[in-house]
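Text of protein-v5.pdb, listed as PDB, C-alpha atoms and all ligand atoms:
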```
ATOM      1  CA  MET A1170      65.749  43.910  34.336
ATOM      2  CA  PRO A1171      64.888  47.157  36.144
ATOM      3  CA  VAL A1172      61.818  47.397  38.347
ATOM      4  CA  GLU A1173      59.489  50.017  36.919
ATOM      5  CA  ARG A1174      57.559  50.937  40.050
ATOM      6  CA  CYS A1175      58.140  50.811  43.798
ATOM      7  CA  PRO A1176      56.193  47.787  45.133
ATOM      8  CA  LEU A1177      54.870  49.864  48.044
ATOM      9  CA  CYS A1178      54.039  53.382  46.778
ATOM     10  CA  GLY A1179      54.214  52.973  43.005
ATOM     11  CA  GLY A1180      56.886  55.694  42.768
ATOM     12  CA  THR A1181      59.541  55.617  40.058
ATOM     13  CA  ASP A1182      62.515  57.287  41.737
ATOM     14  CA  PHE A1183      64.973  54.761  43.228
ATOM     15  CA  ALA A1184      68.536  54.814  44.548
ATOM     16  CA  LEU A1185      70.893  51.835  44.537
ATOM     17  CA  LEU A1186      71.297  50.581  48.117
ATOM     18  CA  TYR A1187      73.398  47.405  47.728
ATOM     19  CA  PRO A1188      74.961  46.193  44.484
ATOM     20  CA  SER A1189      74.311  42.707  43.130
ATOM     21  CA  THR A1190      76.216  39.699  44.519
ATOM     22  CA  LEU A1191      74.981  37.365  41.780
ATOM     23  CA  ALA A1192      78.535  36.751  40.616
ATOM     24  CA  LYS A1193      78.874  34.486  43.696
ATOM     25  CA  LYS A1194      75.865  32.410  42.675
ATOM     26  CA  ARG A1195      76.269  28.634  42.804
ATOM     27  CA  GLU A1196      72.853  27.000  42.731
ATOM     28  CA  PRO A1197      70.642  28.621  40.097
ATOM     29  CA  ALA A1198      68.120  25.762  39.870
ATOM     30  CA  SER A1199      67.017  25.816  43.510
ATOM     31  CA  GLN A1200      66.613  29.522  44.225
ATOM     32  CA  TYR A1201      62.857  29.363  44.899
ATOM     33  CA  ASN A1202      62.929  26.344  47.225
ATOM     34  CA  CYS A1203      62.177  26.847  50.880
ATOM     35  CA  THR A1204      65.516  25.217  51.679
ATOM     36  CA  SER A1205      67.348  27.306  49.089
ATOM     37  CA  HIS A1206      70.965  27.893  50.023
ATOM     38  CA  GLY A1207      71.209  31.176  48.164
ATOM     39  CA  LEU A1208      71.613  33.198  51.373
ATOM     40  CA  GLY A1209      73.248  36.565  50.719
ATOM     41  CA  ILE A1210      73.057  36.088  46.932
ATOM     42  CA  HIS A1211      70.922  38.850  45.426
ATOM     43  CA  PRO A1212      70.531  41.189  42.453
ATOM     44  CA  ASP A1213      70.892  44.963  42.864
ATOM     45  CA  ILE A1214      68.838  46.206  45.814
ATOM     46  CA  PHE A1215      67.169  49.614  45.606
ATOM     47  CA  ARG A1216      65.533  52.025  48.033
ATOM     48  CA  CYS A1217      62.552  54.114  46.948
ATOM     49  CA  VAL A1218      63.300  57.817  47.272
ATOM     50  CA  ASP A1219      59.643  58.588  48.019
ATOM     51  CA  CYS A1220      58.674  55.978  50.637
ATOM     52  CA  SER A1221      62.043  54.329  51.556
ATOM     53  CA  MET A1222      60.834  50.832  50.593
ATOM     54  CA  VAL A1223      63.754  48.461  49.926
ATOM     55  CA  PHE A1224      63.393  45.914  47.124
ATOM     56  CA  ASN A1225      65.300  43.758  44.659
ATOM     57  CA  GLU A1226      65.806  44.478  41.026
ATOM     58  CA  ALA A1227      63.420  42.179  39.154
ATOM     59  CA  ALA A1228      64.960  38.838  38.229
ATOM     60  CA  PRO A1229      65.409  37.973  34.557
ATOM     61  CA  GLY A1230      62.154  36.301  33.522
ATOM     62  CA  ALA A1231      60.436  37.846  36.550
ATOM     63  CA  ASN A1232      57.099  37.652  34.802
ATOM     64  CA  ASP A1233      57.168  33.932  35.364
ATOM     65  CA  VAL A1234      58.026  33.919  39.071
ATOM     66  CA  ALA A1235      54.563  32.447  39.694
ATOM     67  CA  GLY A1236      55.434  29.650  37.256
ATOM     68  CA  GLU A1237      58.674  29.015  39.148
ATOM     69  CA  TYR A1238      56.817  28.619  42.443
ATOM     70  CA  GLU A1239      54.323  26.222  40.834
ATOM     71  CA  GLN A1240      57.187  23.961  39.852
ATOM     72  CA  VAL A1241      59.042  23.914  43.166
ATOM     73  CA  GLU A1242      59.807  20.441  44.506
ATOM     74  CA  ASP A1243      61.720  20.356  47.759
ATOM     75  CA  PRO A1244      61.871  16.894  49.385
ATOM     76  CA  GLU A1245      64.796  18.088  51.528
ATOM     77  CA  TYR A1246      62.286  20.283  53.411
ATOM     78  CA  LEU A1247      60.431  17.222  54.724
ATOM     79  CA  ALA A1248      63.418  16.432  56.939
ATOM     80  CA  GLN A1249      62.786  19.718  58.776
ATOM     81  CA  ARG A1250      59.319  18.664  59.895
ATOM     82  CA  GLU A1251      60.232  18.311  63.558
ATOM     83  CA  SER A1252      62.002  21.663  63.905
ATOM     84  CA  ARG A1253      59.369  23.522  61.858
ATOM     85  CA  ARG A1254      56.643  22.023  64.057
ATOM     86  CA  LEU A1255      58.379  23.262  67.204
ATOM     87  CA  THR A1256      58.527  26.793  65.764
ATOM     88  CA  PHE A1257      54.887  26.649  64.641
ATOM     89  CA  HIS A1258      53.576  25.361  67.984
ATOM     90  CA  ARG A1259      55.373  28.224  69.701
ATOM     91  CA  GLU A1260      53.640  30.692  67.371
ATOM     92  CA  LEU A1261      50.265  29.029  67.950
ATOM     93  CA  ASP A1262      50.799  29.495  71.703
ATOM     94  CA  GLU A1263      51.022  33.241  71.006
ATOM     95  CA  ILE A1264      48.054  33.314  68.613
ATOM     96  CA  GLU A1265      45.838  31.502  71.120
ATOM     97  CA  LYS A1266      46.629  34.136  73.766
ATOM     98  CA  VAL A1267      44.847  36.773  71.676
ATOM     99  CA  HIS A1268      42.304  34.851  69.591
ATOM    100  CA  ALA A1269      39.957  31.954  70.285
ATOM    101  CA  LYS A1270      40.393  28.822  68.156
ATOM    102  CA  GLY A1271      38.243  28.724  65.049
ATOM    103  CA  THR A1272      38.853  28.757  61.298
ATOM    104  CA  LEU A1273      42.336  29.353  59.950
ATOM    105  CA  LEU A1274      43.747  29.904  56.454
ATOM    106  CA  ASP A1275      47.497  29.482  55.936
ATOM    107  CA  VAL A1276      48.669  31.298  52.818
ATOM    108  CA  GLY A1277      51.737  29.660  51.288
ATOM    109  CA  CYS A1278      51.123  26.606  53.456
ATOM    110  CA  TYR A1279      53.792  24.618  51.578
ATOM    111  CA  THR A1280      53.715  20.974  52.790
ATOM    112  CA  GLY A1281      51.113  21.700  55.475
ATOM    113  CA  PHE A1282      53.244  21.396  58.605
ATOM    114  CA  PHE A1283      51.717  24.513  60.176
ATOM    115  CA  LEU A1284      48.205  23.304  59.266
ATOM    116  CA  GLU A1285      49.016  20.011  60.956
ATOM    117  CA  CYS A1286      50.031  21.769  64.196
ATOM    118  CA  ALA A1287      46.898  23.946  64.107
ATOM    119  CA  ARG A1288      44.591  20.945  63.531
ATOM    120  CA  GLU A1289      46.134  19.073  66.449
ATOM    121  CA  ARG A1290      45.142  21.978  68.705
ATOM    122  CA  GLY A1291      41.556  22.132  67.463
ATOM    123  CA  TRP A1292      41.706  24.688  64.660
ATOM    124  CA  GLN A1293      39.745  24.135  61.473
ATOM    125  CA  ALA A1294      42.647  24.717  59.087
ATOM    126  CA  SER A1295      43.007  24.972  55.314
ATOM    127  CA  GLY A1296      45.631  26.405  52.980
ATOM    128  CA  ILE A1297      46.669  28.101  49.761
ATOM    129  CA  GLU A1298      49.867  26.939  48.067
ATOM    130  CA  PRO A1299      51.281  27.601  44.582
ATOM    131  CA  SER A1300      53.727  24.657  44.445
ATOM    132  CA  ARG A1301      51.986  21.594  42.978
ATOM    133  CA  TRP A1302      54.344  19.245  44.796
ATOM    134  CA  ALA A1303      53.871  20.907  48.208
ATOM    135  CA  ALA A1304      50.091  21.332  47.834
ATOM    136  CA  ARG A1305      49.771  17.664  46.901
ATOM    137  CA  TYR A1306      51.780  16.679  49.986
ATOM    138  CA  ALA A1307      49.539  18.777  52.253
ATOM    139  CA  SER A1308      46.343  17.401  50.722
ATOM    140  CA  ASP A1309      47.248  13.775  49.936
ATOM    141  CA  GLU A1310      49.624  12.979  52.803
ATOM    142  CA  LEU A1311      48.153  15.179  55.530
ATOM    143  CA  GLY A1312      44.521  15.391  54.394
ATOM    144  CA  PHE A1313      44.095  19.171  54.176
ATOM    145  CA  ASP A1314      41.852  21.201  51.920
ATOM    146  CA  VAL A1315      44.453  23.178  49.936
ATOM    147  CA  TYR A1316      43.854  25.543  47.042
ATOM    148  CA  ASN A1317      46.753  24.923  44.630
ATOM    149  CA  GLY A1318      47.481  28.256  42.993
ATOM    150  CA  PRO A1319      48.556  31.827  43.700
ATOM    151  CA  VAL A1320      46.532  33.836  46.212
ATOM    152  CA  GLU A1321      45.588  36.267  43.429
ATOM    153  CA  ARG A1322      43.455  33.504  41.870
ATOM    154  CA  TYR A1323      41.863  32.295  45.126
ATOM    155  CA  SER A1324      38.199  32.955  44.449
ATOM    156  CA  SER A1325      36.546  31.716  47.658
ATOM    157  CA  ASP A1326      34.398  34.271  49.473
ATOM    158  CA  GLN A1327      35.031  32.626  52.840
ATOM    159  CA  SER A1328      36.460  34.702  55.686
ATOM    160  CA  PHE A1329      38.499  33.256  58.550
ATOM    161  CA  ASP A1330      39.221  33.904  62.211
ATOM    162  CA  VAL A1331      42.941  33.836  61.524
ATOM    163  CA  VAL A1332      44.929  34.120  58.274
ATOM    164  CA  THR A1333      48.662  33.364  58.437
ATOM    165  CA  LEU A1334      51.657  33.909  56.144
ATOM    166  CA  TRP A1335      54.884  32.299  57.336
ATOM    167  CA  ASP A1336      57.931  33.587  55.440
ATOM    168  CA  VAL A1337      55.727  34.548  52.497
ATOM    169  CA  LEU A1338      55.459  38.348  52.473
ATOM    170  CA  GLU A1339      59.092  38.893  51.460
ATOM    171  CA  HIS A1340      58.626  36.699  48.380
ATOM    172  CA  LEU A1341      55.826  38.812  46.942
ATOM    173  CA  PRO A1342      56.444  41.308  44.126
ATOM    174  CA  ASN A1343      52.986  42.791  44.938
ATOM    175  CA  PRO A1344      52.563  42.849  48.737
ATOM    176  CA  VAL A1345      49.965  45.648  48.635
ATOM    177  CA  GLU A1346      47.727  43.670  46.268
ATOM    178  CA  VAL A1347      48.062  40.456  48.284
ATOM    179  CA  LEU A1348      47.273  42.019  51.676
ATOM    180  CA  THR A1349      44.355  43.871  50.080
ATOM    181  CA  ILE A1350      43.004  40.523  48.852
ATOM    182  CA  LEU A1351      43.595  38.890  52.232
ATOM    183  CA  ARG A1352      41.730  41.676  54.030
ATOM    184  CA  ARG A1353      38.579  40.230  52.461
ATOM    185  CA  HIS A1354      39.361  36.823  53.950
ATOM    186  CA  VAL A1355      39.982  38.020  57.512
ATOM    187  CA  ARG A1356      36.842  38.429  59.602
ATOM    188  CA  ASP A1357      36.301  41.965  60.892
ATOM    189  CA  ASP A1358      37.145  40.753  64.393
ATOM    190  CA  GLY A1359      39.806  38.355  63.081
ATOM    191  CA  LEU A1360      43.581  38.362  63.005
ATOM    192  CA  LEU A1361      46.235  38.381  60.268
ATOM    193  CA  VAL A1362      49.585  36.954  61.348
ATOM    194  CA  PHE A1363      52.746  37.100  59.268
ATOM    195  CA  ALA A1364      56.442  36.540  59.783
ATOM    196  CA  THR A1365      59.017  38.363  57.706
ATOM    197  CA  HIS A1366      62.506  39.754  58.135
ATOM    198  CA  ASN A1367      62.764  43.333  59.374
ATOM    199  CA  LEU A1368      65.652  45.596  58.354
ATOM    200  CA  ASP A1369      65.356  47.332  61.741
ATOM    201  CA  HIS A1370      66.075  44.009  63.505
ATOM    202  CA  LYS A1371      69.392  44.239  65.325
ATOM    203  CA  VAL A1372      70.876  41.402  63.259
ATOM    204  CA  ALA A1373      69.994  43.139  59.987
ATOM    205  CA  ARG A1374      71.333  46.471  61.245
ATOM    206  CA  VAL A1375      74.639  44.967  62.342
ATOM    207  CA  LEU A1376      75.141  42.956  59.140
ATOM    208  CA  GLY A1377      74.027  45.692  56.715
ATOM    209  CA  ARG A1378      74.567  44.535  53.145
ATOM    210  CA  HIS A1379      75.808  41.165  54.472
ATOM    211  CA  PHE A1380      72.409  40.320  55.993
ATOM    212  CA  PRO A1381      71.882  36.758  54.661
ATOM    213  CA  LEU A1382      68.153  37.194  54.027
ATOM    214  CA  PHE A1383      68.982  39.458  51.101
ATOM    215  CA  MET A1384      68.324  36.734  48.519
ATOM    216  CA  GLU A1385      67.043  36.436  44.965
ATOM    217  CA  MET A1386      63.715  34.992  46.088
ATOM    218  CA  HIS A1387      63.187  37.700  48.746
ATOM    219  CA  THR A1388      61.946  40.500  46.540
ATOM    220  CA  VAL A1389      60.880  43.005  49.225
ATOM    221  CA  HIS A1390      62.538  43.948  52.520
ATOM    222  CA  PHE A1391      60.439  45.836  55.056
ATOM    223  CA  ASN A1392      61.406  47.833  58.123
ATOM    224  CA  ASN A1393      59.164  49.263  60.859
ATOM    225  CA  ASP A1394      58.324  52.334  58.793
ATOM    226  CA  THR A1395      57.516  50.614  55.492
ATOM    227  CA  LEU A1396      55.543  47.855  57.241
ATOM    228  CA  GLY A1397      53.439  50.564  58.874
ATOM    229  CA  LYS A1398      52.784  52.101  55.450
ATOM    230  CA  LEU A1399      51.845  48.681  54.028
ATOM    231  CA  LEU A1400      49.333  48.117  56.835
ATOM    232  CA  ASP A1401      47.873  51.623  56.398
ATOM    233  CA  LYS A1402      47.354  51.028  52.688
ATOM    234  CA  THR A1403      45.715  47.641  53.094
ATOM    235  CA  GLY A1404      43.317  48.224  55.985
ATOM    236  CA  PHE A1405      45.177  46.736  58.954
ATOM    237  CA  HIS A1406      46.744  48.047  62.138
ATOM    238  CA  LEU A1407      49.550  46.523  64.173
ATOM    239  CA  GLU A1408      48.379  44.928  67.406
ATOM    240  CA  LYS A1409      51.724  43.490  68.499
ATOM    241  CA  LYS A1410      54.877  41.855  67.215
ATOM    242  CA  HIS A1411      57.631  39.654  68.561
ATOM    243  CA  ASN A1412      61.073  38.482  67.556
ATOM    244  CA  GLN A1413      60.505  35.028  66.076
ATOM    245  CA  MET A1414      62.297  32.232  67.924
ATOM    246  CA  ARG A1415      63.174  29.475  65.507
ATOM    247  CA  ALA A1416      63.964  25.828  66.225
ATOM    248  CA  VAL A1417      66.772  24.599  64.000
ATOM    249  CA  ARG A1418      68.398  21.168  63.784
ATOM    250  CA  LEU A1419      72.125  21.531  64.198
ATOM    251  CA  GLY A1420      72.725  19.350  61.128
ATOM    252  CA  TYR A1421      70.622  21.737  59.022
ATOM    253  CA  LEU A1422      72.430  24.758  60.377
ATOM    254  CA  LEU A1423      75.710  23.209  59.279
ATOM    255  CA  SER A1424      74.451  22.622  55.755
ATOM    256  CA  ARG A1425      73.950  26.390  55.594
ATOM    257  CA  LEU A1426      77.670  26.888  56.185
ATOM    258  CA  ARG A1427      78.130  25.833  52.565
ATOM    259  CA  ARG A1428      77.975  29.485  51.555
ATOM    260  CA  PHE A1429      81.286  30.025  53.293
ATOM    261  CA  GLY A1430      82.884  27.217  51.268
ATOM    262  CA  ALA A1431      83.226  23.452  51.525
ATOM    263  CA  ALA A1432      85.991  23.380  54.148
ATOM    264  CA  PRO A1433      84.167  25.065  57.080
ATOM    265  CA  GLU A1434      81.125  22.892  56.448
ATOM    266  CA  ARG A1435      83.233  19.711  56.324
ATOM    267  CA  ILE A1436      85.122  20.469  59.522
ATOM    268  CA  ALA A1437      82.038  21.504  61.507
ATOM    269  CA  THR A1438      80.030  18.536  60.222
ATOM    270  CA  ALA A1439      82.790  16.092  61.176
ATOM    271  CA  ALA A1440      82.858  17.522  64.713
ATOM    272  CA  VAL A1441      79.085  17.400  65.100
ATOM    273  CA  ASN A1442      78.882  13.867  63.726
ATOM    274  CA  ALA A1443      81.630  12.715  66.067
ATOM    275  CA  LEU A1444      79.588  14.037  68.991
ATOM    276  CA  SER A1445      76.280  12.667  67.544
ATOM    277  CA  LEU A1446      74.715  16.139  67.693
ATOM    278  CA  GLN A1447      73.143  16.239  64.198
ATOM    279  CA  ASP A1448      69.621  16.043  65.618
ATOM    280  CA  GLN A1449      70.218  18.499  68.433
ATOM    281  CA  ILE A1450      67.626  21.290  68.313
ATOM    282  CA  LEU A1451      68.772  24.864  68.869
ATOM    283  CA  TRP A1452      66.452  27.817  69.436
ATOM    284  CA  THR A1453      67.593  31.021  67.845
ATOM    285  CA  GLY A1454      66.162  34.515  67.817
ATOM    286  CA  LEU A1455      68.955  35.794  65.620
ATOM    287  CA  VAL A1456      67.462  35.057  62.212
ATOM    288  CA  GLY A1457      66.200  38.639  61.846
ATOM    289  CA  VAL A1458      62.573  37.562  61.436
ATOM    290  CA  GLU A1459      59.678  39.088  63.365
ATOM    291  CA  THR A1460      56.095  37.886  63.728
ATOM    292  CA  TYR A1461      53.347  40.508  63.348
ATOM    293  CA  PHE A1462      49.815  40.283  64.678
ATOM    294  CA  VAL A1463      47.611  42.728  62.791
ATOM    295  CA  ARG A1464      43.878  43.400  62.857
ATOM    296  CA  PRO A1465      41.469  44.908  60.363
ATOM    297  CA  VAL A1466      40.994  48.636  60.946
TER     298      VAL A1466
HETATM  299 ZN    ZN B1501      58.008  53.845  47.241
END
```

Kindly present the structure from the file in structure tokens form.
Ligand SMILES: [Zn+2]
Amino acid sequence: MPVERCPLCGGTDFALLYPSTLAKKREPASQYNCTSHGLGIHPDIFRCVDCSMVFNEAAPGANDVAGEYEQVEDPEYLAQRESRRLTFHRELDEIEKVHAKGTLLDVGCYTGFFLECARERGWQASGIEPSRWAARYASDELGFDVYNGPVERYSSDQSFDVVTLWDVLEHLPNPVEVLTILRRHVRDDGLLVFATHNLDHKVARVLGRHFPLFMEMHTVHFNNDTLGKLLDKTGFHLEKKHNQMRAVRLGYLLSRLRRFGAAPERIATAAVNALSLQDQILWTGLVGVETYFVRPV
């Protein structure tokens, strides 16, 4: 299904950048899960001739992407709690260098692990999450106030010291609309923080069309230029950014080898198990994801 308009400028003139790899697809049912293994599996990817925005061809049934996210259940993600928490605490260290603790809204809070880290440090944290399963986990298991639904239907008029989106922006078919909405929820002296992959990141530049974060569920792919245009359009300016360092359990990293076939995964897993290294935590800055701190203009 062709996209009708560029998700950044609304233009209608596109050029094919990378052809579809969907023929390699193995796991159709889990494509929207946070732990989805569909790395490098994507539909046709286009670049807008007018503004150079890079984006996926719309998925079949794209009108119901919101419905897909509502139905996501991802118990496998719970096993990543420890490594996700390490990553989130590191990001909170950075946030607290530039903004005093106060109220915080995490958009796409999933199971609430970031909210949990923020609360432990004294933030008053709440979330928005479309997945019923994940929102229920964050509210029932962790005790957070979570709005279960898409951000477009979030009707609160509250504004926050800090609004965060971790690995959310790239999933949005309408990033301009969502950041415009979120501008109303960031205090004038507040901070919006988001992490997303950047096509200007050295890993993305080296890998080109093989960059694994080209995926079905990642509908938009920004670079420095198009992110700047997004911020201009939505009333924010870039204060600073950093390469996101991510804590990953070695066992989880190995499960991601599946995309190269069963044999490499089996051999590497056997070696790691023999050495009892499954729970070893590695820090990597080579995911291609950057964290942006932006302020209202
Ligand atoms: Zn465009």

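Compared by their closest atoms to Lys1398 in chain A, and using all atoms listed in the file, the residues A:Ser1221, A:Ser1324, A:Ser1189, A:Thr1181 rank with A:Ser1221 nearest.
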
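Checking A:Thr1272, A:Ser1424, A:Thr1460, A:Thr1395 one by one against ligand ZN 1501 (chain B), counting only C-alpha atoms and all ligand atoms, you find the shortest gap at A:Thr1395.
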
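The binding environment of ligand ZN 1501 (chain B), defined as every protein, DNA or RNA residue with an atom no more than 6 Å away and counting only C-alpha atoms and all ligand atoms, comprises A:Cys1175, A:Leu1177, A:Cys1178, A:Gly1179, A:Gly1180, A:Cys1217, A:Asp1219, A:Cys1220, A:Ser1221, A:Met1222.
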
Worksheet item: Can you list, as a VMD selection string, the residues that the PyMOL selection byres (((chain A and resi 1397) around 12) and not hetatm) selects here?
Response: chain A and resid 1177 1220 to 1222 1345 1367 1391 to 1396 1398 to 1408 1461 1463

Worksheet item: So what does the PyMOL selection byres (((chain A and resi 1366) around 12) and not hetatm) actually pick up in this one, as a VMD selection string?
Response: chain A and resid 1335 to 1340 1363 to 1365 1367 to 1374 1380 to 1384 1387 to 1393 1396 1411 to 1413 1454 to 1461

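Relative to CA of Ile1210 in chain A, CA of Thr1190 in chain A is found at 5.4 Å.
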
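The nearest approach to Glu1346 in chain A among the residues A:Val1234, A:Val1320, A:Val1331, A:Val1362, with all atoms listed in the file taken into account, belongs to A:Val1320.
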
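By chain and then residue number, the residues within 7 Å of Arg1415 in chain A are Thr1256, Trp1452, Thr1453 and Gly1454 of chain A, counting only C-alpha atoms and disregarding those fewer than 3 positions away in sequence.
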
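Across the model, the gap from CA of Gln1293 in chain A to CA of Ser1308 in chain A is 14.3 Å.
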
Would you place a box with edges along x, y and z of the file around all atoms of range 1411-1427 of chain A listed there, add 5 Å to each of its six sides, and report the centre and edge lengths in Å to one decimal, as JSON?
```
{"center_x": 67.9, "center_y": 29.5, "center_z": 60.6, "size_x": 30.5, "size_y": 30.3, "size_z": 26.0}
```

Practice prompt. Could you check which of A:Ala1184, A:Leu1376, A:Leu1208, A:Ile1350 is closest to Glu1321 in chain A, using all atoms listed in the file?
Written response: A:Ile1350

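CA of Phe1462 in chain A sits 14.0 Å away from CA of Leu1351 in chain A.
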
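In this comparison, which uses all atoms listed in the file, the residue of A:Ser1300, A:Thr1280, A:Ser1252, A:Ser1325 approaching Gly1236 in chain A most closely is A:Ser1300.
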
Item to complete: Write out as an MDAnalysis selection string the residues lying within 9 Å of Val1172 in chain A, counting only C-alpha atoms and excluding same-chain residues fewer than 5 positions away.
Response: chainID A and resid 1181 1225:1227

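Within 7 Å of Ile1297 in chain A, once only C-alpha atoms are used and residues closer than 5 positions along the same chain are dropped, the contacting residues are A:Asp1275, A:Val1276, A:Gly1277, A:Cys1278, A:Val1315, A:Tyr1316, A:Asn1317, A:Gly1318, A:Val1320.
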
Worksheet, complete the sentence: With distances taken over all atoms listed in the file, the candidate from A:Phe1215, A:Phe1224, A:Trp1292, A:Trp1302 nearest Glu1265 in chain A is A:Trp1292

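Distance cut-off 12 Å, centre (75.4, 16.9, 64.2), atoms counted all atoms listed in the file; the residues meeting this are Val1417, Arg1418, Leu1419, Gly1420, Tyr1421, Leu1422, Leu1423, Ser1424, Glu1434, Arg1435, Ile1436, Ala1437, Thr1438, Ala1439, Ala1440, Val1441, Asn1442, Ala1443, Leu1444, Ser1445, Leu1446, Gln1447, Asp1448, Gln1449, Ile1450 and Leu1451 of chain A.
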
Worksheet entry | Output check: residues returned by the PyMOL selection byres (((chain A and resi 1329) around 7) and not hetatm), as a count of residues only | 12

Fill in: For Arg1254 in chain A: contacts at 12 Å, all atoms listed in the file, fewer than 4 positions along chain excluded, given as number ranges by chain
A: 1247-1250, 1258-1261, 1280-1287, 1289, 1415-1418, 1450

Around (72.5, 48.9, 45.2) in the file's own coordinates, what residues are found within 6 Å if you use all atoms listed in the file, given back as a JSON list (two decimals) with C-alpha atoms, keeping the file's coordinate frame?
```json
[["chain", "number", "residue", "atom", "x", "y", "z"],
["A", 1185, "LEU", "CA", 70.89, 51.84, 44.54],
["A", 1186, "LEU", "CA", 71.30, 50.58, 48.12],
["A", 1187, "TYR", "CA", 73.40, 47.40, 47.73],
["A", 1188, "PRO", "CA", 74.96, 46.19, 44.48],
["A", 1213, "ASP", "CA", 70.89, 44.96, 42.86],
["A", 1214, "ILE", "CA", 68.84, 46.21, 45.81],
["A", 1215, "PHE", "CA", 67.17, 49.61, 45.61]]
```
